[in-house]
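Just input06.tsv here, TSV, N, CA and C atoms:
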```
chain	number	residue	atom	x	y	z
J	1	MET	N	-14.58	13.10	-15.58
J	1	MET	CA	-13.95	11.80	-15.60
J	1	MET	C	-14.50	11.00	-14.43
J	2	SER	N	-15.32	10.02	-14.68
J	2	SER	CA	-15.94	9.29	-13.59
J	2	SER	C	-15.32	7.92	-13.37
J	3	THR	N	-14.60	7.39	-14.34
J	3	THR	CA	-13.97	6.10	-14.14
J	3	THR	C	-12.48	6.27	-14.19
J	4	THR	N	-11.81	5.39	-13.49
J	4	THR	CA	-10.35	5.43	-13.45
J	4	THR	C	-9.83	4.02	-13.32
J	5	THR	N	-8.62	3.82	-13.74
J	5	THR	CA	-8.03	2.50	-13.63
J	5	THR	C	-6.85	2.57	-12.70
J	6	MET	N	-6.68	1.49	-11.98
J	6	MET	CA	-5.55	1.42	-11.09
J	6	MET	C	-4.34	1.04	-11.91
J	7	GLY	N	-3.18	1.03	-11.29
J	7	GLY	CA	-1.92	0.72	-11.96
J	7	GLY	C	-1.94	-0.63	-12.64
J	8	SER	N	-0.80	-1.10	-13.07
J	8	SER	CA	-0.73	-2.37	-13.75
J	8	SER	C	0.10	-3.35	-12.95
J	9	GLY	N	-0.14	-4.63	-13.20
J	9	GLY	CA	0.68	-5.66	-12.61
J	9	GLY	C	0.43	-5.82	-11.12
J	10	GLY	N	1.52	-6.08	-10.35
J	10	GLY	CA	1.44	-6.35	-8.94
J	10	GLY	C	1.11	-5.14	-8.10
J	11	ASN	N	1.16	-3.94	-8.66
J	11	ASN	CA	0.88	-2.73	-7.90
J	11	ASN	C	-0.59	-2.65	-7.50
J	12	ASP	N	-1.47	-3.32	-8.24
J	12	ASP	CA	-2.90	-3.28	-7.93
J	12	ASP	C	-3.17	-3.81	-6.53
J	13	SER	N	-2.60	-4.96	-6.20
J	13	SER	CA	-2.87	-5.55	-4.89
J	13	SER	C	-2.25	-4.73	-3.78
J	14	GLN	N	-1.08	-4.15	-4.01
J	14	GLN	CA	-0.45	-3.33	-2.99
J	14	GLN	C	-1.24	-2.04	-2.78
J	15	LEU	N	-1.70	-1.44	-3.85
J	15	LEU	CA	-2.51	-0.23	-3.75
J	15	LEU	C	-3.81	-0.54	-3.00
J	16	MET	N	-4.43	-1.65	-3.33
J	16	MET	CA	-5.67	-2.06	-2.66
J	16	MET	C	-5.41	-2.30	-1.17
J	17	ASN	N	-4.25	-2.90	-0.86
J	17	ASN	CA	-3.88	-3.17	0.52
J	17	ASN	C	-3.82	-1.87	1.33
J	18	TYR	N	-3.17	-0.85	0.79
J	18	TYR	CA	-3.07	0.42	1.51
J	18	TYR	C	-4.40	1.14	1.57
J	19	LEU	N	-5.20	1.01	0.55
J	19	LEU	CA	-6.53	1.62	0.56
J	19	LEU	C	-7.38	0.99	1.67
J	20	VAL	N	-7.32	-0.31	1.80
J	20	VAL	CA	-8.09	-1.00	2.84
J	20	VAL	C	-7.57	-0.62	4.23
J	21	ARG	N	-6.25	-0.42	4.36
J	21	ARG	CA	-5.68	-0.01	5.64
J	21	ARG	C	-6.16	1.38	6.07
J	22	MET	N	-6.63	2.17	5.12
J	22	MET	CA	-7.10	3.52	5.44
J	22	MET	C	-8.50	3.53	6.03
J	23	ILE	N	-9.27	2.47	5.86
J	23	ILE	CA	-10.68	2.45	6.24
J	23	ILE	C	-10.89	2.72	7.73
J	24	VAL	N	-10.22	1.95	8.59
J	24	VAL	CA	-10.45	2.08	10.03
J	24	VAL	C	-9.97	3.44	10.56
J	25	PRO	N	-8.74	3.89	10.22
J	25	PRO	CA	-8.33	5.21	10.72
J	25	PRO	C	-9.25	6.34	10.24
J	26	MET	N	-9.77	6.24	9.02
J	26	MET	CA	-10.69	7.27	8.52
J	26	MET	C	-11.97	7.28	9.35
J	27	ARG	N	-12.45	6.10	9.70
J	27	ARG	CA	-13.68	6.01	10.50
J	27	ARG	C	-13.43	6.54	11.91
J	28	ARG	N	-12.26	6.19	12.49
J	28	ARG	CA	-11.95	6.64	13.85
J	28	ARG	C	-11.80	8.15	13.94
J	29	GLU	N	-11.02	8.73	13.02
J	29	GLU	CA	-10.70	10.15	13.14
J	29	GLU	C	-11.79	11.06	12.58
J	30	PHE	N	-12.34	10.67	11.44
J	30	PHE	CA	-13.28	11.56	10.77
J	30	PHE	C	-14.72	11.07	10.79
J	31	GLY	N	-14.96	9.83	11.27
J	31	GLY	CA	-16.30	9.28	11.26
J	31	GLY	C	-16.79	8.98	9.85
J	32	ARG	N	-15.85	8.82	8.95
J	32	ARG	CA	-16.18	8.62	7.54
J	32	ARG	C	-16.01	7.15	7.16
J	33	SER	N	-17.02	6.61	6.53
J	33	SER	CA	-16.96	5.26	6.01
J	33	SER	C	-16.45	5.32	4.57
J	34	VAL	N	-15.31	4.69	4.30
J	34	VAL	CA	-14.72	4.71	2.97
J	34	VAL	C	-15.28	3.55	2.15
J	35	ASP	N	-15.91	3.86	1.04
J	35	ASP	CA	-16.45	2.87	0.12
J	35	ASP	C	-15.38	2.57	-0.94
J	36	VAL	N	-14.75	1.40	-0.84
J	36	VAL	CA	-13.65	1.06	-1.72
J	36	VAL	C	-14.09	1.01	-3.19
J	37	GLN	N	-15.24	0.44	-3.46
J	37	GLN	CA	-15.72	0.36	-4.85
J	37	GLN	C	-15.93	1.75	-5.44
J	38	GLN	N	-16.54	2.64	-4.65
J	38	GLN	CA	-16.76	4.00	-5.14
J	38	GLN	C	-15.42	4.71	-5.31
J	39	PHE	N	-14.48	4.46	-4.39
J	39	PHE	CA	-13.16	5.07	-4.47
J	39	PHE	C	-12.48	4.69	-5.79
J	40	LEU	N	-12.61	3.44	-6.18
J	40	LEU	CA	-11.93	2.94	-7.38
J	40	LEU	C	-12.57	3.46	-8.67
J	41	HIS	N	-13.84	3.85	-8.61
J	41	HIS	CA	-14.54	4.22	-9.84
J	41	HIS	C	-14.96	5.69	-9.92
J	42	ASP	N	-14.82	6.42	-8.85
J	42	ASP	CA	-15.26	7.81	-8.83
J	42	ASP	C	-14.08	8.70	-8.44
J	43	PHE	N	-13.52	9.39	-9.42
J	43	PHE	CA	-12.32	10.20	-9.20
J	43	PHE	C	-12.56	11.30	-8.17
J	44	ALA	N	-13.71	11.97	-8.22
J	44	ALA	CA	-14.00	13.06	-7.29
J	44	ALA	C	-14.06	12.54	-5.85
J	45	TYR	N	-14.71	11.39	-5.66
J	45	TYR	CA	-14.81	10.78	-4.33
J	45	TYR	C	-13.42	10.40	-3.83
J	46	ALA	N	-12.62	9.80	-4.70
J	46	ALA	CA	-11.27	9.37	-4.32
J	46	ALA	C	-10.43	10.57	-3.90
J	47	LYS	N	-10.51	11.64	-4.66
J	47	LYS	CA	-9.74	12.84	-4.34
J	47	LYS	C	-10.18	13.42	-3.00
J	48	GLU	N	-11.47	13.41	-2.74
J	48	GLU	CA	-12.00	13.92	-1.47
J	48	GLU	C	-11.49	13.10	-0.29
J	49	VAL	N	-11.51	11.77	-0.44
J	49	VAL	CA	-11.04	10.89	0.63
J	49	VAL	C	-9.54	11.09	0.87
J	50	ILE	N	-8.77	11.15	-0.22
J	50	ILE	CA	-7.32	11.32	-0.09
J	50	ILE	C	-6.99	12.66	0.55
J	51	ASP	N	-7.65	13.72	0.12
J	51	ASP	CA	-7.41	15.04	0.69
J	51	ASP	C	-7.71	15.06	2.19
J	52	GLN	N	-8.79	14.42	2.58
J	52	GLN	CA	-9.14	14.39	4.00
J	52	GLN	C	-8.10	13.58	4.78
J	53	ALA	N	-7.67	12.46	4.22
J	53	ALA	CA	-6.68	11.61	4.90
J	53	ALA	C	-5.33	12.32	5.00
J	54	LEU	N	-4.98	13.11	4.00
J	54	LEU	CA	-3.71	13.85	4.04
J	54	LEU	C	-3.72	14.91	5.14
J	55	GLY	N	-4.89	15.34	5.57
J	55	GLY	CA	-5.01	16.32	6.65
J	55	GLY	C	-5.14	15.67	8.02
J	56	SER	N	-4.94	14.39	8.10
J	56	SER	CA	-5.10	13.65	9.34
J	56	SER	C	-3.99	13.97	10.35
J	57	GLN	N	-4.30	13.74	11.62
J	57	GLN	CA	-3.29	13.85	12.67
J	57	GLN	C	-2.50	12.56	12.80
J	58	ASP	N	-3.00	11.48	12.24
J	58	ASP	CA	-2.35	10.16	12.28
J	58	ASP	C	-1.30	10.08	11.17
J	59	ALA	N	-0.03	9.99	11.55
J	59	ALA	CA	1.06	9.97	10.57
J	59	ALA	C	0.94	8.77	9.63
J	60	ARG	N	0.52	7.64	10.17
J	60	ARG	CA	0.41	6.45	9.34
J	60	ARG	C	-0.68	6.62	8.28
J	61	LEU	N	-1.79	7.21	8.65
J	61	LEU	CA	-2.87	7.46	7.69
J	61	LEU	C	-2.40	8.42	6.60
J	62	ARG	N	-1.65	9.45	6.99
J	62	ARG	CA	-1.10	10.37	5.99
J	62	ARG	C	-0.16	9.65	5.03
J	63	GLU	N	0.68	8.74	5.55
J	63	GLU	CA	1.59	7.98	4.69
J	63	GLU	C	0.81	7.11	3.71
J	64	TYR	N	-0.21	6.43	4.21
J	64	TYR	CA	-1.05	5.59	3.34
J	64	TYR	C	-1.70	6.43	2.25
J	65	ALA	N	-2.26	7.58	2.64
J	65	ALA	CA	-2.93	8.45	1.68
J	65	ALA	C	-1.95	8.95	0.63
J	66	ASN	N	-0.75	9.31	1.05
J	66	ASN	CA	0.27	9.77	0.12
J	66	ASN	C	0.63	8.67	-0.88
J	67	TYR	N	0.79	7.46	-0.38
J	67	TYR	CA	1.13	6.32	-1.23
J	67	TYR	C	0.01	6.06	-2.25
J	68	VAL	N	-1.22	6.04	-1.77
J	68	VAL	CA	-2.36	5.79	-2.65
J	68	VAL	C	-2.48	6.91	-3.69
J	69	GLN	N	-2.29	8.15	-3.26
J	69	GLN	CA	-2.38	9.28	-4.17
J	69	GLN	C	-1.34	9.18	-5.29
J	70	GLN	N	-0.13	8.78	-4.95
J	70	GLN	CA	0.94	8.69	-5.95
J	70	GLN	C	0.69	7.58	-6.96
J	71	ARG	N	0.04	6.51	-6.53
J	71	ARG	CA	-0.12	5.36	-7.41
J	71	ARG	C	-1.54	5.14	-7.91
J	72	TYR	N	-2.43	6.05	-7.61
J	72	TYR	CA	-3.84	5.87	-7.96
J	72	TYR	C	-4.06	5.76	-9.46
J	73	HIS	N	-3.33	6.50	-10.25
J	73	HIS	CA	-3.49	6.46	-11.70
J	73	HIS	C	-2.44	5.61	-12.38
J	74	GLY	N	-1.72	4.80	-11.64
J	74	GLY	CA	-0.66	3.97	-12.21
J	74	GLY	C	0.64	4.24	-11.49
J	75	ALA	N	1.63	3.47	-11.82
J	75	ALA	CA	2.92	3.56	-11.13
J	75	ALA	C	3.75	4.69	-11.71
J	76	ARG	N	3.36	5.92	-11.44
J	76	ARG	CA	4.12	7.07	-11.94
J	76	ARG	C	5.37	7.32	-11.12
J	77	VAL	N	5.28	7.05	-9.84
J	77	VAL	CA	6.41	7.27	-8.95
J	77	VAL	C	6.90	5.90	-8.50
J	78	ALA	N	7.46	5.16	-9.41
J	78	ALA	CA	7.81	3.77	-9.15
J	78	ALA	C	8.95	3.62	-8.16
J	79	ASP	N	9.80	4.63	-8.00
J	79	ASP	CA	10.93	4.45	-7.12
J	79	ASP	C	10.70	4.92	-5.70
J	80	SER	N	9.51	5.40	-5.36
J	80	SER	CA	9.27	5.76	-3.96
J	80	SER	C	8.81	4.51	-3.22
J	81	PRO	N	9.39	4.26	-2.03
J	81	PRO	CA	9.04	3.05	-1.29
J	81	PRO	C	7.68	3.17	-0.66
J	82	PRO	N	7.02	2.04	-0.39
J	82	PRO	CA	5.74	2.08	0.31
J	82	PRO	C	5.95	2.51	1.75
J	83	PRO	N	4.93	3.04	2.41
J	83	PRO	CA	5.08	3.46	3.80
J	83	PRO	C	5.45	2.29	4.69
J	84	ALA	N	6.17	2.58	5.75
J	84	ALA	CA	6.56	1.54	6.70
J	84	ALA	C	5.31	1.05	7.42
J	85	ALA	N	5.10	-0.24	7.42
J	85	ALA	CA	3.91	-0.79	8.03
J	85	ALA	C	4.10	-1.08	9.51
J	86	VAL	N	5.34	-1.06	9.99
J	86	VAL	CA	5.58	-1.44	11.38
J	86	VAL	C	5.38	-0.30	12.35
J	87	GLY	N	5.78	0.89	12.04
J	87	GLY	CA	5.62	1.99	12.97
J	87	GLY	C	5.60	3.32	12.26
J	88	ALA	N	4.89	4.26	12.84
J	88	ALA	CA	4.79	5.56	12.20
J	88	ALA	C	6.07	6.36	12.36
J	89	ASP	N	6.86	6.06	13.41
J	89	ASP	CA	8.07	6.82	13.65
J	89	ASP	C	9.29	6.26	12.91
J	90	ALA	N	9.15	5.08	12.34
J	90	ALA	CA	10.29	4.46	11.66
J	90	ALA	C	10.62	5.24	10.40
J	91	ALA	N	11.90	5.50	10.23
J	91	ALA	CA	12.36	6.22	9.04
J	91	ALA	C	12.41	5.25	7.87
J	92	VAL	N	11.91	5.69	6.73
J	92	VAL	CA	11.91	4.85	5.54
J	92	VAL	C	13.08	5.27	4.68
J	93	GLU	N	14.02	4.34	4.51
J	93	GLU	CA	15.17	4.63	3.67
J	93	GLU	C	15.02	3.88	2.35
J	94	PRO	N	15.18	4.57	1.23
J	94	PRO	CA	15.07	3.88	-0.04
J	94	PRO	C	16.24	2.92	-0.22
J	95	LYS	N	15.93	1.76	-0.75
J	95	LYS	CA	16.97	0.76	-1.00
J	95	LYS	C	17.57	0.98	-2.37
J	96	ALA	N	18.81	0.54	-2.51
J	96	ALA	CA	19.46	0.62	-3.81
J	96	ALA	C	18.77	-0.37	-4.73
J	97	PRO	N	18.75	-0.10	-6.03
J	97	PRO	CA	18.12	-1.03	-6.95
J	97	PRO	C	18.82	-2.39	-6.88
J	98	PRO	N	18.05	-3.47	-6.87
J	98	PRO	CA	18.67	-4.79	-6.75
J	98	PRO	C	19.47	-5.13	-8.00
J	99	THR	N	20.59	-5.77	-7.76
J	99	THR	CA	21.39	-6.25	-8.88
J	99	THR	C	20.96	-7.67	-9.18
J	100	ALA	N	21.39	-8.18	-10.30
J	100	ALA	CA	21.01	-9.55	-10.69
J	100	ALA	C	21.52	-10.56	-9.68
J	101	SER	N	22.74	-10.36	-9.17
J	101	SER	CA	23.30	-11.32	-8.23
J	101	SER	C	22.58	-11.26	-6.88
J	102	SER	N	22.23	-10.05	-6.41
J	102	SER	CA	21.54	-9.95	-5.12
J	102	SER	C	20.12	-10.50	-5.23
J	103	THR	N	19.48	-10.29	-6.36
J	103	THR	CA	18.14	-10.83	-6.57
J	103	THR	C	18.17	-12.35	-6.58
J	104	ALA	N	19.15	-12.92	-7.27
J	104	ALA	CA	19.28	-14.37	-7.32
J	104	ALA	C	19.58	-14.93	-5.94
J	105	ALA	N	20.42	-14.23	-5.17
J	105	ALA	CA	20.76	-14.68	-3.82
J	105	ALA	C	19.52	-14.62	-2.93
J	106	ASP	N	18.74	-13.56	-3.05
J	106	ASP	CA	17.52	-13.43	-2.25
J	106	ASP	C	16.53	-14.54	-2.60
J	107	GLU	N	16.38	-14.81	-3.89
J	107	GLU	CA	15.47	-15.88	-4.31
J	107	GLU	C	15.94	-17.23	-3.80
J	108	ALA	N	17.26	-17.47	-3.85
J	108	ALA	CA	17.80	-18.74	-3.37
J	108	ALA	C	17.57	-18.89	-1.87
J	109	GLU	N	17.76	-17.80	-1.13
J	109	GLU	CA	17.55	-17.85	0.32
J	109	GLU	C	16.07	-18.12	0.65
J	110	LEU	N	15.17	-17.44	-0.05
J	110	LEU	CA	13.75	-17.67	0.18
J	110	LEU	C	13.34	-19.10	-0.16
J	111	ARG	N	13.89	-19.61	-1.25
J	111	ARG	CA	13.60	-20.99	-1.64
J	111	ARG	C	14.12	-21.98	-0.60
J	112	ALA	N	15.33	-21.73	-0.09
J	112	ALA	CA	15.90	-22.60	0.93
J	112	ALA	C	15.04	-22.58	2.20
J	113	ARG	N	14.57	-21.40	2.60
J	113	ARG	CA	13.70	-21.30	3.77
J	113	ARG	C	12.42	-22.09	3.57
J	114	MET	N	11.84	-21.95	2.37
J	114	MET	CA	10.60	-22.64	2.09
J	114	MET	C	10.79	-24.15	2.14
J	115	LEU	N	11.85	-24.63	1.53
J	115	LEU	CA	12.10	-26.07	1.51
J	115	LEU	C	12.44	-26.60	2.90
J	116	LYS	N	13.12	-25.80	3.72
J	116	LYS	CA	13.48	-26.22	5.07
J	116	LYS	C	12.22	-26.47	5.90
J	117	LYS	N	11.19	-25.69	5.63
J	117	LYS	CA	9.93	-25.85	6.36
J	117	LYS	C	9.37	-27.26	6.15
J	118	TYR	N	9.56	-27.78	4.94
J	118	TYR	CA	9.01	-29.09	4.64
J	118	TYR	C	9.94	-30.23	5.04
J	119	THR	N	11.25	-30.01	5.04
J	119	THR	CA	12.17	-31.10	5.33
J	119	THR	C	12.55	-31.18	6.80
J	120	SER	N	12.46	-30.12	7.56
J	120	SER	CA	12.88	-30.14	8.95
J	120	SER	C	11.89	-30.90	9.83
J	121	GLY	N	10.68	-31.02	9.45
J	121	GLY	CA	9.68	-31.69	10.26
J	121	GLY	C	9.50	-33.17	9.95
J	122	LEU	N	10.24	-33.68	8.97
J	122	LEU	CA	10.10	-35.09	8.60
J	122	LEU	C	10.69	-36.00	9.66
J	123	ARG	N	10.09	-37.20	9.81
J	123	ARG	CA	10.60	-38.16	10.79
J	123	ARG	C	11.41	-39.22	10.14
```

Would it be possible to restate this file's structure as structure tokens?
Amino acid sequence: MSTTTMGSGGNDSQLMNYLVRMIVPMRREFGRSVDVQQFLHDFAYAKEVIDQALGSQDARLREYANYVQQRYHGARVADSPPPAAVGADAAVEPKAPPTASSTAADEAELRARMLKKYTSGLR
């Protein structure tokens, strides 16, 4: 199997984001240059990179590799949260599934913030 497809929908950009975040730590710790295009199209290469990253001493790199490994063939583990991007020591707690009312409230709050940016600076 030499070709593979990434997940569907918005997961593609998030998966790509974590894959790109792995490049620098892989180069620092292992001296390995990760070729993103080859990673996306060559299953054996991708598995080799992920296995090496999972053996890293860097906790953040291991989290990224675990996330990429789980979602590489699609969103099979949809309810596992992405790794914490702020710190390696931060505990990641899964959130409860959003309800319709909480989602609507979150959207309304985000919209209000966005509009405030444009109206607060007017003279």

Which residues are close to Arg21 (chain J), i.e. within 8 Å by all atoms listed in the file, leaving aside same-chain residues fewer than 4 positions away? Reply as a PDB file with N, CA and C atoms, keeping the file's coordinate frame.
```
ATOM      1  N   LEU J  15      -1.700  -1.440  -3.850  1.00  0.00           N
ATOM      2  CA  LEU J  15      -2.510  -0.230  -3.750  1.00  0.00           C
ATOM      3  C   LEU J  15      -3.810  -0.540  -3.000  1.00  0.00           C
ATOM      4  N   MET J  16      -4.430  -1.650  -3.330  1.00  0.00           N
ATOM      5  CA  MET J  16      -5.670  -2.060  -2.660  1.00  0.00           C
ATOM      6  C   MET J  16      -5.410  -2.300  -1.170  1.00  0.00           C
ATOM      7  N   ASN J  17      -4.250  -2.900  -0.860  1.00  0.00           N
ATOM      8  CA  ASN J  17      -3.880  -3.170   0.520  1.00  0.00           C
ATOM      9  C   ASN J  17      -3.820  -1.870   1.330  1.00  0.00           C
ATOM     10  N   PRO J  25      -8.740   3.890  10.220  1.00  0.00           N
ATOM     11  CA  PRO J  25      -8.330   5.210  10.720  1.00  0.00           C
ATOM     12  C   PRO J  25      -9.250   6.340  10.240  1.00  0.00           C
ATOM     13  N   MET J  26      -9.770   6.240   9.020  1.00  0.00           N
ATOM     14  CA  MET J  26     -10.690   7.270   8.520  1.00  0.00           C
ATOM     15  C   MET J  26     -11.970   7.280   9.350  1.00  0.00           C
ATOM     16  N   ARG J  60       0.520   7.640  10.170  1.00  0.00           N
ATOM     17  CA  ARG J  60       0.410   6.450   9.340  1.00  0.00           C
ATOM     18  C   ARG J  60      -0.680   6.620   8.280  1.00  0.00           C
ATOM     19  N   LEU J  61      -1.790   7.210   8.650  1.00  0.00           N
ATOM     20  CA  LEU J  61      -2.870   7.460   7.690  1.00  0.00           C
ATOM     21  C   LEU J  61      -2.400   8.420   6.600  1.00  0.00           C
ATOM     22  N   TYR J  64      -0.210   6.430   4.210  1.00  0.00           N
ATOM     23  CA  TYR J  64      -1.050   5.590   3.340  1.00  0.00           C
ATOM     24  C   TYR J  64      -1.700   6.430   2.250  1.00  0.00           C
TER      25      TYR J  64
END
```

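A straight line drawn from atom C of Leu19 (chain J) to atom C of Leu110 (chain J) is 28.9 Å long.
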
For the atom pair CA of Asp12 (chain J) and CA of Glu48 (chain J), what is the interatomic distance in Å to one decimal place?
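Taking CA of Asp12 (chain J) and CA of Glu48 (chain J), their separation equals 20.5 Å.
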
Between J:Gln14, J:Thr103, J:Gln69, J:Ser56, which one has atoms that come closest to Arg28 (chain J), using only C-alpha atoms?
J:Ser56

May I ask for the distance between atom C of Val68 (chain J) and CA of Asp106 (chain J), given in Å to one decimal place?
28.6 Å

Give me the residues within 9 Å of Ile50 (chain J) as number ranges by chain, counting only C-alpha atoms and dropping any in the same chain fewer than 2 places off.
J: 45-48, 52-55, 62, 65-66, 68-69
